[in-house]
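The next block is work22.cif, given as mmCIF, C-alpha atoms.
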data_work
loop_
_atom_site.group_PDB
_atom_site.id
_atom_site.type_symbol
_atom_site.label_atom_id
_atom_site.label_comp_id
_atom_site.auth_asym_id
_atom_site.auth_seq_id
_atom_site.Cartn_x
_atom_site.Cartn_y
_atom_site.Cartn_z
ATOM 1 C CA MET A 47 -0.977 33.580 -18.982
ATOM 2 C CA GLN A 48 1.882 32.422 -16.766
ATOM 3 C CA GLN A 49 2.489 28.691 -16.747
ATOM 4 C CA GLN A 50 2.154 26.971 -13.379
ATOM 5 C CA GLN A 51 5.152 25.164 -11.927
ATOM 6 C CA PRO A 52 4.829 21.572 -10.679
ATOM 7 C CA GLU A 53 5.776 22.641 -7.146
ATOM 8 C CA THR A 54 2.941 25.168 -6.986
ATOM 9 C CA VAL A 55 0.244 23.586 -9.142
ATOM 10 C CA GLN A 56 -3.260 24.667 -8.152
ATOM 11 C CA ASP A 57 -6.817 23.380 -8.664
ATOM 12 C CA LEU A 58 -5.648 19.837 -9.415
ATOM 13 C CA TYR A 59 -7.559 18.320 -6.519
ATOM 14 C CA ALA A 60 -10.871 19.178 -4.887
ATOM 15 C CA ARG A 61 -11.924 17.024 -1.951
ATOM 16 C CA LYS A 62 -15.221 15.159 -1.903
ATOM 17 C CA PHE A 63 -15.477 15.147 1.871
ATOM 18 C CA GLU A 64 -13.752 16.490 4.963
ATOM 19 C CA ILE A 65 -11.530 14.546 7.316
ATOM 20 C CA SER A 66 -12.143 15.781 10.835
ATOM 21 C CA ALA A 67 -9.685 15.785 13.727
ATOM 22 C CA THR A 68 -11.676 12.979 15.335
ATOM 23 C CA ASP A 69 -11.887 10.743 12.258
ATOM 24 C CA CYS A 70 -9.779 7.608 12.599
ATOM 25 C CA VAL A 71 -7.678 7.159 9.467
ATOM 26 C CA ALA A 72 -6.274 3.793 8.353
ATOM 27 C CA THR A 73 -3.610 3.543 5.658
ATOM 28 C CA ALA A 74 -2.544 0.657 3.446
ATOM 29 C CA GLY A 75 -1.134 -0.003 -0.001
ATOM 30 C CA SER A 76 2.111 0.008 -1.917
ATOM 31 C CA CYS A 77 5.413 1.672 -1.030
ATOM 32 C CA PHE A 78 4.285 5.218 -1.841
ATOM 33 C CA ALA A 79 1.425 4.911 0.654
ATOM 34 C CA GLN A 80 4.060 5.007 3.386
ATOM 35 C CA HIS A 81 4.740 8.662 2.566
ATOM 36 C CA ILE A 82 1.045 9.554 2.871
ATOM 37 C CA ALA A 83 0.672 7.771 6.204
ATOM 38 C CA LYS A 84 3.775 9.417 7.628
ATOM 39 C CA ARG A 85 2.895 12.944 6.538
ATOM 40 C CA MET A 86 -0.734 12.679 7.716
ATOM 41 C CA ARG A 87 0.391 11.428 11.110
ATOM 42 C CA GLU A 88 2.973 14.197 11.412
ATOM 43 C CA SER A 89 0.282 16.753 10.508
ATOM 44 C CA GLY A 90 -1.944 15.798 13.390
ATOM 45 C CA TYR A 91 -4.466 13.451 11.800
ATOM 46 C CA SER A 92 -5.670 10.496 13.861
ATOM 47 C CA VAL A 93 -3.837 7.875 11.841
ATOM 48 C CA LEU A 94 -4.353 4.527 13.523
ATOM 49 C CA ASP A 95 -1.423 2.406 14.670
ATOM 50 C CA VAL A 96 -2.940 -0.710 16.192
ATOM 51 C CA GLU A 97 0.333 -2.644 16.395
ATOM 52 C CA PRO A 98 2.786 -0.128 17.874
ATOM 53 C CA ALA A 99 6.467 -0.910 18.331
ATOM 54 C CA PRO A 100 7.786 -2.081 21.685
ATOM 55 C CA ARG A 101 8.869 0.770 23.887
ATOM 56 C CA GLY A 102 12.477 1.797 23.388
ATOM 57 C CA MET A 103 12.876 0.342 19.885
ATOM 58 C CA SER A 104 14.998 2.522 17.591
ATOM 59 C CA GLU A 105 13.505 4.121 14.500
ATOM 60 C CA ARG A 106 15.724 1.976 12.292
ATOM 61 C CA HIS A 107 14.502 -1.219 13.913
ATOM 62 C CA LYS A 108 10.887 -0.066 13.846
ATOM 63 C CA MET A 109 11.061 0.246 10.072
ATOM 64 C CA ALA A 110 12.928 -3.047 9.689
ATOM 65 C CA PHE A 111 10.225 -4.881 11.640
ATOM 66 C CA GLY A 112 7.275 -3.164 9.969
ATOM 67 C CA TYR A 113 6.176 -0.980 12.864
ATOM 68 C CA GLY A 114 4.551 2.402 12.269
ATOM 69 C CA ILE A 115 4.716 2.110 8.489
ATOM 70 C CA TYR A 116 0.983 1.538 8.089
ATOM 71 C CA SER A 117 -1.917 1.314 10.515
ATOM 72 C CA ALA A 118 -1.079 -2.335 11.198
ATOM 73 C CA ARG A 119 1.892 -4.586 10.473
ATOM 74 C CA TYR A 120 0.570 -5.999 7.202
ATOM 75 C CA GLY A 121 3.487 -4.666 5.162
ATOM 76 C CA ASN A 122 3.024 -3.475 1.601
ATOM 77 C CA ILE A 123 -0.264 -4.405 -0.048
ATOM 78 C CA TYR A 124 0.451 -3.955 -3.737
ATOM 79 C CA THR A 125 -2.771 -5.260 -5.297
ATOM 80 C CA ALA A 126 -6.484 -4.986 -4.650
ATOM 81 C CA ARG A 127 -6.618 -8.794 -4.446
ATOM 82 C CA GLN A 128 -4.150 -8.759 -1.542
ATOM 83 C CA LEU A 129 -6.343 -6.238 0.248
ATOM 84 C CA LEU A 130 -9.445 -8.326 -0.391
ATOM 85 C CA GLN A 131 -7.682 -11.434 0.939
ATOM 86 C CA LEU A 132 -6.716 -9.622 4.137
ATOM 87 C CA VAL A 133 -10.242 -8.345 4.733
ATOM 88 C CA GLU A 134 -11.740 -11.769 4.050
ATOM 89 C CA GLU A 135 -9.143 -13.486 6.248
ATOM 90 C CA CYS A 136 -10.097 -11.172 9.104
ATOM 91 C CA ARG A 137 -13.702 -12.311 8.665
ATOM 92 C CA GLY A 138 -12.745 -15.990 8.612
ATOM 93 C CA ARG A 139 -13.795 -16.261 4.962
ATOM 94 C CA PHE A 140 -10.316 -16.878 3.547
ATOM 95 C CA GLU A 141 -7.300 -18.992 4.475
ATOM 96 C CA PRO A 142 -3.974 -18.616 2.629
ATOM 97 C CA ALA A 143 -2.936 -21.835 0.921
ATOM 98 C CA VAL A 144 0.652 -21.591 2.168
ATOM 99 C CA ILE A 145 1.215 -19.382 5.183
ATOM 100 C CA ALA A 146 4.857 -20.106 6.064
ATOM 101 C CA TRP A 147 7.960 -19.955 3.874
ATOM 102 C CA GLU A 148 11.317 -21.341 5.024
ATOM 103 C CA LYS A 149 14.795 -19.883 4.606
ATOM 104 C CA ALA A 150 17.971 -21.123 6.286
ATOM 105 C CA GLY A 151 16.015 -22.926 8.973
ATOM 106 C CA ARG A 152 13.801 -19.967 9.842
ATOM 107 C CA TRP A 153 10.139 -19.520 8.943
ATOM 108 C CA TYR A 154 8.469 -16.402 7.541
ATOM 109 C CA ASP A 155 4.866 -15.259 7.138
ATOM 110 C CA ALA A 156 4.432 -15.676 3.371
ATOM 111 C CA ILE A 157 1.744 -12.989 3.264
ATOM 112 C CA ARG A 158 4.027 -10.394 4.897
ATOM 113 C CA PRO A 159 7.555 -11.819 4.667
ATOM 114 C CA ASN A 160 9.297 -8.507 5.317
ATOM 115 C CA VAL A 161 7.920 -7.703 8.778
ATOM 116 C CA GLU A 162 10.036 -10.232 10.699
ATOM 117 C CA PRO A 163 13.524 -10.035 9.179
ATOM 118 C CA MET A 164 14.856 -12.736 11.515
ATOM 119 C CA GLY A 165 11.945 -15.077 10.864
ATOM 120 C CA HIS A 166 10.316 -17.475 13.330
ATOM 121 C CA ALA A 167 11.362 -20.793 14.812
ATOM 122 C CA SER A 168 8.521 -22.825 13.275
ATOM 123 C CA PRO A 169 5.413 -22.672 11.073
ATOM 124 C CA GLU A 170 3.349 -22.887 14.266
ATOM 125 C CA GLU A 171 4.995 -19.724 15.532
ATOM 126 C CA VAL A 172 4.188 -18.021 12.225
ATOM 127 C CA ARG A 173 0.542 -18.977 12.711
ATOM 128 C CA LEU A 174 0.433 -17.605 16.254
ATOM 129 C CA HIS A 175 1.941 -14.307 15.155
ATOM 130 C CA ARG A 176 -0.443 -14.097 12.204
ATOM 131 C CA ASP A 177 -3.487 -14.737 14.381
ATOM 132 C CA TYR A 178 -2.307 -11.961 16.709
ATOM 133 C CA HIS A 179 -1.906 -9.655 13.706
ATOM 134 C CA LEU A 180 -5.353 -10.440 12.304
ATOM 135 C CA ARG A 181 -7.015 -9.673 15.653
ATOM 136 C CA HIS A 182 -5.493 -6.208 15.548
ATOM 137 C CA VAL A 183 -6.487 -5.651 11.913
ATOM 138 C CA ARG A 184 -10.084 -6.579 12.774
ATOM 139 C CA GLY A 185 -10.025 -4.006 15.551
ATOM 140 C CA MET A 186 -8.545 -1.432 13.189
ATOM 141 C CA LEU A 187 -11.268 -1.907 10.604
ATOM 142 C CA LYS A 188 -13.985 -1.436 13.232
ATOM 143 C CA ARG A 189 -12.471 1.899 14.229
ATOM 144 C CA THR A 190 -11.725 3.232 10.745
ATOM 145 C CA ASP A 191 -13.653 6.251 9.456
ATOM 146 C CA VAL A 192 -11.399 7.025 6.465
ATOM 147 C CA PHE A 193 -9.473 4.292 4.660
ATOM 148 C CA VAL A 194 -6.552 5.490 2.518
ATOM 149 C CA PHE A 195 -5.321 2.978 -0.057
ATOM 150 C CA THR A 196 -2.624 3.288 -2.714
ATOM 151 C CA PHE A 197 -2.863 0.993 -5.733
ATOM 152 C CA GLY A 198 0.646 -0.160 -6.611
ATOM 153 C CA LEU A 199 0.729 -3.041 -9.071
ATOM 154 C CA THR A 200 -1.357 -5.128 -11.413
ATOM 155 C CA GLU A 201 1.232 -7.920 -11.281
ATOM 156 C CA GLY A 202 1.436 -10.562 -8.585
ATOM 157 C CA TRP A 203 2.501 -14.080 -7.728
ATOM 158 C CA VAL A 204 -0.191 -16.606 -6.883
ATOM 159 C CA HIS A 205 -0.550 -20.097 -5.540
ATOM 160 C CA THR A 206 -1.934 -21.535 -8.757
ATOM 161 C CA GLU A 207 -4.385 -24.038 -7.287
ATOM 162 C CA SER A 208 -5.951 -21.774 -4.655
ATOM 163 C CA GLY A 209 -5.397 -18.299 -6.108
ATOM 164 C CA THR A 210 -3.700 -17.019 -2.943
ATOM 165 C CA VAL A 211 -1.743 -13.866 -3.829
ATOM 166 C CA TYR A 212 1.611 -13.015 -2.263
ATOM 167 C CA PRO A 213 3.367 -9.619 -2.000
ATOM 168 C CA THR A 214 6.497 -10.947 -3.674
ATOM 169 C CA ALA A 215 7.637 -14.000 -5.585
ATOM 170 C CA PRO A 216 8.561 -17.048 -3.513
ATOM 171 C CA GLY A 217 12.324 -17.333 -3.372
ATOM 172 C CA VAL A 218 12.988 -13.586 -3.112
ATOM 173 C CA LEU A 219 12.733 -13.083 0.652
ATOM 174 C CA ALA A 220 12.002 -16.667 1.691
ATOM 175 C CA GLY A 221 10.553 -19.899 0.346
ATOM 176 C CA ASP A 222 11.341 -21.590 -2.941
ATOM 177 C CA TYR A 223 9.913 -20.896 -6.355
ATOM 178 C CA ASP A 224 8.258 -23.962 -7.856
ATOM 179 C CA PRO A 225 6.551 -23.321 -11.217
ATOM 180 C CA GLU A 226 4.303 -26.300 -10.534
ATOM 181 C CA VAL A 227 2.943 -24.547 -7.438
ATOM 182 C CA TYR A 228 3.231 -20.802 -8.086
ATOM 183 C CA SER A 229 2.549 -18.713 -11.163
ATOM 184 C CA PHE A 230 2.690 -15.126 -12.329
ATOM 185 C CA LYS A 231 -0.558 -13.202 -12.755
ATOM 186 C CA ASN A 232 -1.266 -9.806 -14.273
ATOM 187 C CA PHE A 233 -4.640 -8.669 -12.974
ATOM 188 C CA THR A 234 -7.070 -7.095 -15.411
ATOM 189 C CA TYR A 235 -9.061 -3.893 -15.096
ATOM 190 C CA GLU A 236 -12.236 -5.871 -14.450
ATOM 191 C CA GLU A 237 -10.613 -7.984 -11.723
ATOM 192 C CA ILE A 238 -9.082 -5.031 -9.899
ATOM 193 C CA LEU A 239 -12.258 -2.974 -10.071
ATOM 194 C CA GLY A 240 -14.335 -5.899 -8.834
ATOM 195 C CA ASP A 241 -11.924 -6.657 -5.991
ATOM 196 C CA PHE A 242 -12.024 -3.120 -4.614
ATOM 197 C CA ILE A 243 -15.804 -2.910 -4.945
ATOM 198 C CA ARG A 244 -15.995 -6.079 -2.828
ATOM 199 C CA VAL A 245 -13.596 -4.567 -0.288
ATOM 200 C CA ARG A 246 -15.739 -1.433 -0.062
ATOM 201 C CA LYS A 247 -18.918 -3.463 0.407
ATOM 202 C CA ILE A 248 -17.386 -5.568 3.181
ATOM 203 C CA LEU A 249 -15.855 -2.622 5.028
ATOM 204 C CA GLN A 250 -19.069 -0.631 4.898
ATOM 205 C CA LYS A 251 -20.833 -3.540 6.558
ATOM 206 C CA ILE A 252 -18.372 -3.080 9.404
ATOM 207 C CA ASN A 253 -18.773 0.713 9.385
ATOM 208 C CA PRO A 254 -21.548 2.056 7.118
ATOM 209 C CA ASN A 255 -20.017 5.552 7.257
ATOM 210 C CA MET A 256 -16.547 4.530 6.154
ATOM 211 C CA ARG A 257 -15.098 6.683 3.365
ATOM 212 C CA PHE A 258 -12.166 5.995 1.065
ATOM 213 C CA ILE A 259 -9.318 8.013 -0.392
ATOM 214 C CA ILE A 260 -7.546 6.140 -3.161
ATOM 215 C CA THR A 261 -4.329 6.953 -4.982
ATOM 216 C CA VAL A 262 -2.068 5.348 -7.571
ATOM 217 C CA SER A 263 1.609 4.928 -6.810
ATOM 218 C CA PRO A 264 3.899 6.882 -9.170
ATOM 219 C CA VAL A 265 6.759 4.445 -8.527
ATOM 220 C CA PRO A 266 7.498 2.485 -11.737
ATOM 221 C CA LEU A 267 8.125 -1.242 -11.783
ATOM 222 C CA ALA A 268 11.647 -2.398 -10.958
ATOM 223 C CA ALA A 269 11.148 -5.588 -12.970
ATOM 224 C CA THR A 270 8.403 -7.619 -14.609
ATOM 225 C CA ALA A 271 7.726 -11.269 -15.250
ATOM 226 C CA SER A 272 5.195 -10.519 -17.981
ATOM 227 C CA GLY A 273 7.672 -11.032 -20.798
ATOM 228 C CA ASP A 274 7.303 -7.429 -21.935
ATOM 229 C CA HIS A 275 9.839 -4.657 -21.428
ATOM 230 C CA VAL A 276 9.635 -3.151 -17.943
ATOM 231 C CA LEU A 277 8.769 0.256 -19.450
ATOM 232 C CA SER A 278 5.792 -1.146 -21.371
ATOM 233 C CA SER A 279 4.711 -3.108 -18.310
ATOM 234 C CA THR A 280 4.870 0.002 -16.133
ATOM 235 C CA ILE A 281 2.745 2.045 -18.534
ATOM 236 C CA TYR A 282 0.209 -0.774 -18.798
ATOM 237 C CA SER A 283 0.054 -1.301 -15.025
ATOM 238 C CA LYS A 284 -0.307 2.354 -14.096
ATOM 239 C CA SER A 285 -2.840 2.981 -16.870
ATOM 240 C CA VAL A 286 -5.043 0.150 -15.638
ATOM 241 C CA LEU A 287 -4.779 1.256 -12.020
ATOM 242 C CA ARG A 288 -5.546 4.871 -12.881
ATOM 243 C CA ALA A 289 -8.573 3.781 -14.904
ATOM 244 C CA VAL A 290 -9.810 1.680 -11.987
ATOM 245 C CA ALA A 291 -9.332 4.549 -9.557
ATOM 246 C CA GLY A 292 -11.219 6.901 -11.847
ATOM 247 C CA ALA A 293 -14.093 4.465 -12.225
ATOM 248 C CA LEU A 294 -14.383 3.986 -8.467
ATOM 249 C CA ALA A 295 -14.295 7.717 -7.762
ATOM 250 C CA SER A 296 -16.945 8.487 -10.374
ATOM 251 C CA ARG A 297 -19.207 5.651 -9.251
ATOM 252 C CA PHE A 298 -19.181 6.084 -5.471
ATOM 253 C CA PRO A 299 -19.639 9.376 -3.582
ATOM 254 C CA ASP A 300 -17.704 7.972 -0.616
ATOM 255 C CA VAL A 301 -14.616 7.192 -2.741
ATOM 256 C CA ASP A 302 -12.296 10.132 -3.417
ATOM 257 C CA TYR A 303 -9.348 9.975 -5.807
ATOM 258 C CA PHE A 304 -6.237 11.974 -4.931
ATOM 259 C CA PRO A 305 -3.887 12.579 -7.914
ATOM 260 C CA SER A 306 -0.466 11.844 -6.401
ATOM 261 C CA TYR A 307 0.366 9.850 -9.529
ATOM 262 C CA GLU A 308 -0.266 12.813 -11.840
ATOM 263 C CA ILE A 309 1.807 15.180 -9.715
ATOM 264 C CA ILE A 310 4.894 12.956 -9.804
ATOM 265 C CA ALA A 311 4.716 10.985 -13.046
ATOM 266 C CA SER A 312 3.032 13.233 -15.601
ATOM 267 C CA SER A 313 4.911 15.037 -18.372
ATOM 268 C CA PHE A 314 3.955 18.292 -16.641
ATOM 269 C CA SER A 315 6.503 17.538 -13.914
ATOM 270 C CA GLY A 316 9.208 16.603 -16.394
ATOM 271 C CA GLY A 317 10.677 13.870 -14.212
ATOM 272 C CA ARG A 318 12.049 16.410 -11.725
ATOM 273 C CA PHE A 319 10.483 14.630 -8.746
ATOM 274 C CA TYR A 320 12.347 11.371 -9.322
ATOM 275 C CA GLU A 321 15.794 10.481 -8.048
ATOM 276 C CA GLU A 322 18.566 9.820 -10.576
ATOM 277 C CA ASP A 323 17.397 6.210 -10.868
ATOM 278 C CA GLN A 324 14.091 7.586 -12.274
ATOM 279 C CA ARG A 325 12.229 5.312 -9.899
ATOM 280 C CA ASN A 326 12.376 6.529 -6.303
ATOM 281 C CA VAL A 327 10.511 9.729 -5.488
ATOM 282 C CA ARG A 328 12.532 12.637 -4.119
ATOM 283 C CA SER A 329 11.521 14.324 -0.881
ATOM 284 C CA GLU A 330 10.614 17.430 -2.901
ATOM 285 C CA GLY A 331 8.104 15.335 -4.812
ATOM 286 C CA VAL A 332 6.544 14.004 -1.635
ATOM 287 C CA ASP A 333 6.397 17.571 -0.296
ATOM 288 C CA THR A 334 4.559 18.726 -3.421
ATOM 289 C CA VAL A 335 2.105 15.829 -3.264
ATOM 290 C CA MET A 336 1.283 16.437 0.366
ATOM 291 C CA ARG A 337 1.116 20.217 -0.057
ATOM 292 C CA THR A 338 -1.617 19.606 -2.638
ATOM 293 C CA PHE A 339 -3.372 17.203 -0.275
ATOM 294 C CA PHE A 340 -3.175 19.526 2.718
ATOM 295 C CA ALA A 341 -4.502 22.443 0.671
ATOM 296 C CA GLN A 342 -7.828 20.583 0.719
ATOM 297 C CA HIS A 343 -7.359 18.745 4.025
ATOM 298 C CA PRO A 344 -5.550 21.319 6.200
ATOM 299 C CA PRO A 345 -3.190 19.922 8.861
ATOM 300 C CA VAL A 346 -4.937 19.365 12.160
ATOM 301 C CA VAL A 347 -1.988 20.808 14.081
ATOM 302 C CA ALA A 348 -2.065 24.599 13.794
ATOM 303 C CA ASN A 349 0.722 26.047 11.630
ATOM 304 C CA LYS A 350 2.116 22.587 10.996
ATOM 305 C CA VAL A 351 4.696 22.603 8.221
ATOM 306 C CA GLU A 352 3.971 19.804 5.787
ATOM 307 C CA LYS A 353 7.632 19.090 5.101
ATOM 308 C CA VAL A 354 8.947 16.592 7.637
ATOM 309 C CA ALA A 355 12.611 16.718 8.593
ATOM 310 C CA ALA A 356 12.961 12.947 8.843
ATOM 311 C CA ASN A 357 14.008 11.034 5.757
ATOM 312 C CA ASP A 358 11.504 9.617 3.310
ATOM 313 C CA ASP A 359 12.932 6.116 3.066
ATOM 314 C CA VAL A 360 10.359 3.404 2.446
ATOM 315 C CA VAL A 361 10.221 -0.369 2.752
ATOM 316 C CA CYS A 362 9.593 -1.920 -0.641
ATOM 317 C CA GLU A 363 9.786 -5.637 -1.430
ATOM 318 C CA GLU A 364 8.894 -4.927 -5.049
ATOM 319 C CA ALA A 365 12.382 -3.535 -5.648
ATOM 320 C CA LEU A 366 13.744 -6.987 -4.807
ATOM 321 C CA LEU A 367 11.969 -8.429 -7.841
ATOM 322 C CA GLU A 368 14.720 -6.957 -9.978
ATOM 323 C CA ALA A 369 17.091 -9.556 -8.576
ATOM 324 C CA PHE A 370 14.525 -12.319 -9.049
ATOM 325 C CA GLY A 371 13.789 -11.245 -12.628
ATOM 326 C CA ALA A 372 17.474 -11.343 -13.472
ATOM 327 C CA ARG A 373 17.741 -15.067 -12.713
#
As structure tokens:
Amino acid sequence: MQQQQPETVQDLYARKFEISATDCVATAGSCFAQHIAKRMRESGYSVLDVEPAPRGMSERHKMAFGYGIYSARYGNIYTARQLLQLVEECRGRFEPAVIAWEKAGRWYDAIRPNVEPMGHASPEEVRLHRDYHLRHVRGMLKRTDVFVFTFGLTEGWVHTESGTVYPTAPGVLAGDYDPEVYSFKNFTYEEILGDFIRVRKILQKINPNMRFIITVSPVPLAATASGDHVLSSTIYSKSVLRAVAGALASRFPDVDYFPSYEIIASSFSGGRFYEEDQRNVRSEGVDTVMRTFFAQHPPVVANKVEKVAANDDVVCEEALLEAFGAR
């Protein structure tokens, strides 16, 4: 029996449900989710973009300002708790404890500090921009038929008193780290599972027919504040996230798990899909992942080639934690 090659692996994924040409798809999650959103959009799926870039903006500036990366400008959502916070904030059931971080006289949205690289003039301006953003996210959720989410991390930084979770540690992109105010948290299997179940319940109240495709990011941690070695922390984090994803997929018929993590990170692939840094995923790896996906969800555009000529650069605040961890 001839051994399959990672680039041509078959029968690894069988879809639970179809995605039609008219289904509105929303994408969110960690850095790797950006690849999925981009390739689905390029292949003709109706991937929502409710906060499009201003006309005439260059591709480089679109990425820098968080346009077109996901279905709204919420930036990377690394944890299920972040996703739950966003959904609850849209419903008026949650208010971040600290919404604005300062750096060099400019103010940044602490929940998505990477989407406005020049910052805002005041905390009030941050609030106005955030309210505008939340209105668009609410509209997105009402239109969504298929929600694609990539689990990225178990680790996060929280406002200790309120439990508000942030996408990166204060002091990395903006703000100041105060151990009396903020603390490190490593979410457990039970917490992550419970958070996503709550997200599903809330979203299906908005649209009872909403379905979910979940994945686990194959990108390892750049750094950790857990006190363990980054390799041990990566294995722990990805193991927990994969277990959560498996539990969700087995429990709910409207939740489908797509094995992008296995394709890239398993021993079967022998590390060939990573760049030399053994962290970033090569374009060939993304091609293989999406070829497997499109084998079950054929591109909407006839004869569309899954490989996209544009580069596969992603925006990833988590990589900046390496600098923070080295302090």
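Closest to Arg87 in chain A among A:Pro225, A:Leu130, A:Phe298, A:Thr73 is A:Thr73, based on all atoms listed in the file.
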I'd like to see the residues matched by the PyMOL selection byres ((chain A and resi 214-217) around 9) on this file, and ideally I'd get them as a ChimeraX atom specification.
/A:147,149,156-159,202-204,211-213,218-224,228-230,363-364,366-367,370
Could you write out as a count of residues only the residues that the PyMOL selection byres ((chain A and resi 300) around 10) matches in the shown file?
17
Taking the file above as input, evaluate the PyMOL selection byres ((chain A and resi 241) around 12) and report the hits as a PDB file with C-alpha atoms, keeping the file's coordinate frame.
ATOM      1  CA  THR A 125      -2.771  -5.260  -5.297  1.00  0.00           C
ATOM      2  CA  ALA A 126      -6.484  -4.986  -4.650  1.00  0.00           C
ATOM      3  CA  ARG A 127      -6.618  -8.794  -4.446  1.00  0.00           C
ATOM      4  CA  GLN A 128      -4.150  -8.759  -1.542  1.00  0.00           C
ATOM      5  CA  LEU A 129      -6.343  -6.238   0.248  1.00  0.00           C
ATOM      6  CA  LEU A 130      -9.445  -8.326  -0.391  1.00  0.00           C
ATOM      7  CA  GLN A 131      -7.682 -11.434   0.939  1.00  0.00           C
ATOM      8  CA  LEU A 132      -6.716  -9.622   4.137  1.00  0.00           C
ATOM      9  CA  VAL A 133     -10.242  -8.345   4.733  1.00  0.00           C
ATOM     10  CA  GLU A 134     -11.740 -11.769   4.050  1.00  0.00           C
ATOM     11  CA  PHE A 197      -2.863   0.993  -5.733  1.00  0.00           C
ATOM     12  CA  THR A 200      -1.357  -5.128 -11.413  1.00  0.00           C
ATOM     13  CA  PHE A 233      -4.640  -8.669 -12.974  1.00  0.00           C
ATOM     14  CA  THR A 234      -7.070  -7.095 -15.411  1.00  0.00           C
ATOM     15  CA  TYR A 235      -9.061  -3.893 -15.096  1.00  0.00           C
ATOM     16  CA  GLU A 236     -12.236  -5.871 -14.450  1.00  0.00           C
ATOM     17  CA  GLU A 237     -10.613  -7.984 -11.723  1.00  0.00           C
ATOM     18  CA  ILE A 238      -9.082  -5.031  -9.899  1.00  0.00           C
ATOM     19  CA  LEU A 239     -12.258  -2.974 -10.071  1.00  0.00           C
ATOM     20  CA  GLY A 240     -14.335  -5.899  -8.834  1.00  0.00           C
ATOM     21  CA  PHE A 242     -12.024  -3.120  -4.614  1.00  0.00           C
ATOM     22  CA  ILE A 243     -15.804  -2.910  -4.945  1.00  0.00           C
ATOM     23  CA  ARG A 244     -15.995  -6.079  -2.828  1.00  0.00           C
ATOM     24  CA  VAL A 245     -13.596  -4.567  -0.288  1.00  0.00           C
ATOM     25  CA  ARG A 246     -15.739  -1.433  -0.062  1.00  0.00           C
ATOM     26  CA  LYS A 247     -18.918  -3.463   0.407  1.00  0.00           C
ATOM     27  CA  ILE A 248     -17.386  -5.568   3.181  1.00  0.00           C
ATOM     28  CA  VAL A 290      -9.810   1.680 -11.987  1.00  0.00           C
ATOM     29  CA  LEU A 294     -14.383   3.986  -8.467  1.00  0.00           C
TER      30      LEU A 294
END
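The environment of Cys136 in chain A within 8 Å, counting only C-alpha atoms and disregarding residues fewer than 2 places along the same chain, consists of Leu132, Val133, Glu134, Gly138, Arg139, Phe140, Leu180, Arg181, Val183 and Arg184 of chain A.
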Which residues come within 9 Å of Ile65 in chain A, counting all atoms listed in the file, excluding same-chain residues fewer than 6 positions away, as a PyMOL selection string?
chain A and resi 71+91+191-192+343
So that I can see what lies close to Pro98 in chain A, please list as an NGL selection string the residues with an atom at most 10 Å from it, counting all atoms listed in the file and leaving out residues fewer than 4 positions away in the same chain.
:A and (94 or 108 or 112-115 or 117-119)
Counting only C-alpha atoms, closest pick from A:Gly185, A:Pro254, A:Pro266, A:Gly292 relative to Ile310 in chain A is A:Pro266
The residue from A:Ala311, A:Ile252, A:Glu201, A:Ser306 with the smallest atom-to-atom distance to Ala271 in chain A, counting all atoms listed in the file, is A:Glu201
Atomic distance CA of Met86 in chain A - CA of Glu322 in chain A, expressed in Å with one decimal:
26.7 Å
Between CA of Gln250 in chain A and CA of Met186 in chain A lies a distance of 13.4 Å
re CA of His275 in chain A and CA of Phe304 in chain A: distance 28.4 Å
